[in-house]
file final-v5.cif (mmCIF, C-alpha atoms)
data_model
#
loop_
_atom_site.label_atom_id
_atom_site.label_comp_id
_atom_site.auth_asym_id
_atom_site.auth_seq_id
_atom_site.Cartn_x
_atom_site.Cartn_y
_atom_site.Cartn_z
CA MET Y 1 98.59 72.28 84.39
CA THR Y 2 96.85 73.73 87.42
CA VAL Y 3 98.41 73.58 90.86
CA THR Y 4 95.68 73.63 93.47
CA ASN Y 5 97.68 73.75 96.69
CA PRO Y 6 101.29 74.70 95.90
CA VAL Y 7 102.50 75.60 99.40
CA GLY Y 8 100.24 73.43 101.50
CA ARG Y 9 98.44 76.31 103.21
CA THR Y 10 95.05 74.63 103.28
CA ARG Y 11 94.01 71.68 105.34
CA ALA Y 12 91.03 69.43 105.66
CA ARG Y 13 88.37 70.49 108.15
CA SER Y 14 89.34 69.66 111.70
CA THR Y 15 86.82 68.52 114.27
CA GLU Y 16 88.76 69.84 117.26
CA PRO Y 17 87.77 73.28 118.56
CA SER Y 18 90.07 76.15 117.67
CA ILE Y 19 90.80 78.09 120.84
CA GLY Y 20 94.37 79.18 119.99
CA PRO Y 21 93.48 82.33 118.01
CA GLN Y 22 90.83 83.42 120.50
CA LEU Y 23 93.20 82.85 123.40
CA LEU Y 24 95.95 84.78 121.63
CA LEU Y 25 93.63 87.69 120.85
CA THR Y 26 92.31 87.81 124.42
CA GLY Y 27 95.84 87.65 125.83
CA ALA Y 28 97.10 90.37 123.50
CA LEU Y 29 94.23 92.71 124.37
CA ALA Y 30 94.65 92.00 128.08
CA ALA Y 31 98.38 92.69 127.84
CA VAL Y 32 97.89 96.01 126.06
CA LEU Y 33 95.19 97.14 128.49
CA THR Y 34 97.31 96.12 131.49
CA VAL Y 35 100.36 97.99 130.20
CA ALA Y 36 98.21 101.04 129.43
CA ALA Y 37 96.71 100.96 132.92
CA VAL Y 38 100.13 100.67 134.54
CA PHE Y 39 101.71 103.43 132.45
CA ARG Y 40 98.67 105.72 132.77
CA HIS Y 41 100.10 107.20 135.95
CA THR Y 42 103.73 107.44 134.82
CA MET Y 43 103.38 108.59 131.19
CA SER Y 44 101.83 111.79 129.94
CA ASN Y 45 98.49 111.56 128.19
CA ASP Y 46 100.10 112.83 124.98
CA VAL Y 47 102.24 109.71 124.75
CA LEU Y 48 99.84 107.10 126.09
CA LEU Y 49 97.48 106.72 123.12
CA PRO Y 50 100.27 106.61 120.50
CA GLY Y 51 102.04 104.01 122.63
CA VAL Y 52 98.92 101.88 122.86
CA SER Y 53 98.36 102.19 119.12
CA VAL Y 54 101.93 101.19 118.26
CA SER Y 55 101.84 98.26 120.68
CA LEU Y 56 98.61 97.03 119.06
CA PHE Y 57 100.24 97.24 115.63
CA LEU Y 58 103.31 95.35 116.88
CA LEU Y 59 101.17 92.62 118.40
CA ALA Y 60 99.16 92.40 115.16
CA ALA Y 61 102.41 91.94 113.24
CA ALA Y 62 103.50 89.19 115.64
CA VAL Y 63 100.16 87.39 115.28
CA ALA Y 64 100.39 87.74 111.49
CA ALA Y 65 103.85 86.14 111.65
CA ILE Y 66 102.35 83.24 113.60
CA ALA Y 67 99.62 82.95 110.99
CA TRP Y 68 102.25 82.94 108.24
CA LYS Y 69 104.04 79.97 109.79
CA ARG Y 70 100.92 77.93 110.54
CA PRO Y 71 98.71 76.57 107.76
CA ALA Y 72 95.34 78.25 107.36
CA PRO Y 73 92.75 75.99 108.99
CA ASP Y 74 89.21 75.71 107.70
CA ARG Y 75 87.70 77.09 110.89
CA ASN Y 76 85.61 80.04 111.92
CA PHE Y 77 88.33 82.18 113.54
CA SER Y 78 92.01 81.97 112.54
CA TYR Y 79 95.23 83.73 113.49
CA LEU Y 80 94.83 86.05 110.49
CA ASP Y 81 91.44 87.08 111.85
CA ALA Y 82 93.03 87.84 115.22
CA ALA Y 83 95.73 89.93 113.50
CA GLY Y 84 93.02 91.80 111.61
CA VAL Y 85 91.09 92.54 114.80
CA LEU Y 86 94.25 93.87 116.50
CA THR Y 87 95.05 96.01 113.45
CA PHE Y 88 91.51 97.41 113.35
CA ILE Y 89 91.59 98.28 117.05
CA GLY Y 90 95.01 99.90 116.56
CA ILE Y 91 93.63 102.03 113.72
CA CYS Y 92 90.66 103.06 115.88
CA VAL Y 93 92.98 104.07 118.73
CA ALA Y 94 95.22 105.97 116.30
CA ALA Y 95 92.17 107.86 115.02
CA LEU Y 96 91.55 109.14 118.56
CA ILE Y 97 94.92 110.91 118.65
CA GLU Y 98 94.66 114.66 118.11
CA PRO Y 99 97.27 116.29 115.84
CA GLU Y 100 98.21 118.80 118.55
CA GLN Y 101 98.70 115.91 120.95
CA MET Y 102 101.24 114.32 118.58
CA VAL Y 103 103.04 117.66 118.14
CA ARG Y 104 103.33 118.05 121.91
CA ALA Y 105 104.56 114.46 122.23
CA MET Y 106 107.19 114.87 119.51
CA THR Y 107 108.47 118.24 120.73
CA GLY Y 108 108.57 117.19 124.37
CA GLY Y 109 105.98 119.73 125.44
CA GLN Y 110 108.02 122.75 124.27
CA THR Y 111 106.09 125.52 122.58
CA ASP Y 112 107.32 128.42 120.45
CA ASN Y 113 105.51 131.41 121.97
#
call {"tool": "encode", "arguments": {"input": "final-v5.cif", "output": "structure tokens"}}
result
Amino acid sequence: MTVTNPVGRTRARSTEPSIGPQLLLTGALAAVLTVAAVFRHTMSNDVLLPGVSVSLFLLAAAVAAIAWKRPAPDRNFSYLDAAGVLTFIGICVAALIEPEQMVRAMTGGQTDN
């Protein structure tokens, strides 16, 4: 016997526009950029990019938790898509971090000369 929809994650196509995921993605990106702009003057540059990357990953996890609780709609852009975009941007920001920058951030700027 085949079970086609065991947990009820799919739904019939909805005619209403889906602005929730786009709004959440826009708000999350705006929040991260605002926090980065505010902390740009108070934090060192060695800590700023890792902080932005981690905050993007945390927001992506929160959006994925929202997507887990809500059924997957048959729409163009869902909460899982928004979580994927935040994760991808977080990976891109993490790729910009230099290894020496992370060493300086973890050691507190102390060098062994």
call {"tool": "atom_distance", "arguments": {"input": "final-v5.cif", "atom1": "atom CA of Y:Arg70", "atom2": "atom CA of Y:Cys92"}}
result
27.7 Å
call {"tool": "closest_residue", "arguments": {"input": "final-v5.cif", "among": "Y:Ala95, Y:Ile19, Y:Ala60, Y:Thr42", "to": "Y:Leu80", "atoms": "all atoms listed in the file"}}
result
Y:Ala60
call {"tool": "resolve_selection", "arguments": {"input": "final-v5.cif", "expression": "the PyMOL selection byres ((chain Y and resi 47) around 10)", "output": "count of residues only"}}
result
18
call {"tool": "atom_distance", "arguments": {"input": "final-v5.cif", "atom1": "atom CA of Y:His41", "atom2": "atom CA of Y:Ala82"}}
result
29.2 Å
call {"tool": "closest_residue", "arguments": {"input": "final-v5.cif", "among": "Y:Leu56, Y:Leu23, Y:Val63, Y:Val32", "to": "Y:Ala94", "atoms": "all atoms listed in the file"}}
result
Y:Leu56
call {"tool": "closest_residue", "arguments": {"input": "final-v5.cif", "among": "Y:Ala36, Y:Gln22, Y:Glu98, Y:Ala30", "to": "Y:Val54", "atoms": "only C-alpha atoms"}}
result
Y:Ala36
call {"tool": "residues_around", "arguments": {"input": "final-v5.cif", "residues": "Y:Ala83", "least_positions_apart": "2", "cutoff": "8 Å", "atoms": "all atoms listed in the file", "output": "short mmCIF file (atom, residue, chain, number, x, y, z; two decimals) with C-alpha atoms, in the coordinates of the input"}}
result
data_model
loop_
_atom_site.label_atom_id
_atom_site.label_comp_id
_atom_site.auth_asym_id
_atom_site.auth_seq_id
_atom_site.Cartn_x
_atom_site.Cartn_y
_atom_site.Cartn_z
CA LEU Y 25 93.63 87.69 120.85
CA LEU Y 59 101.17 92.62 118.40
CA ALA Y 60 99.16 92.40 115.16
CA ALA Y 61 102.41 91.94 113.24
CA VAL Y 63 100.16 87.39 115.28
CA ALA Y 64 100.39 87.74 111.49
CA TYR Y 79 95.23 83.73 113.49
CA LEU Y 80 94.83 86.05 110.49
CA ASP Y 81 91.44 87.08 111.85
CA VAL Y 85 91.09 92.54 114.80
CA LEU Y 86 94.25 93.87 116.50
CA THR Y 87 95.05 96.01 113.45
#
call {"tool": "atom_distance", "arguments": {"input": "final-v5.cif", "atom1": "atom CA of Y:Phe57", "atom2": "atom CA of Y:Thr107"}}
result
23.1 Å
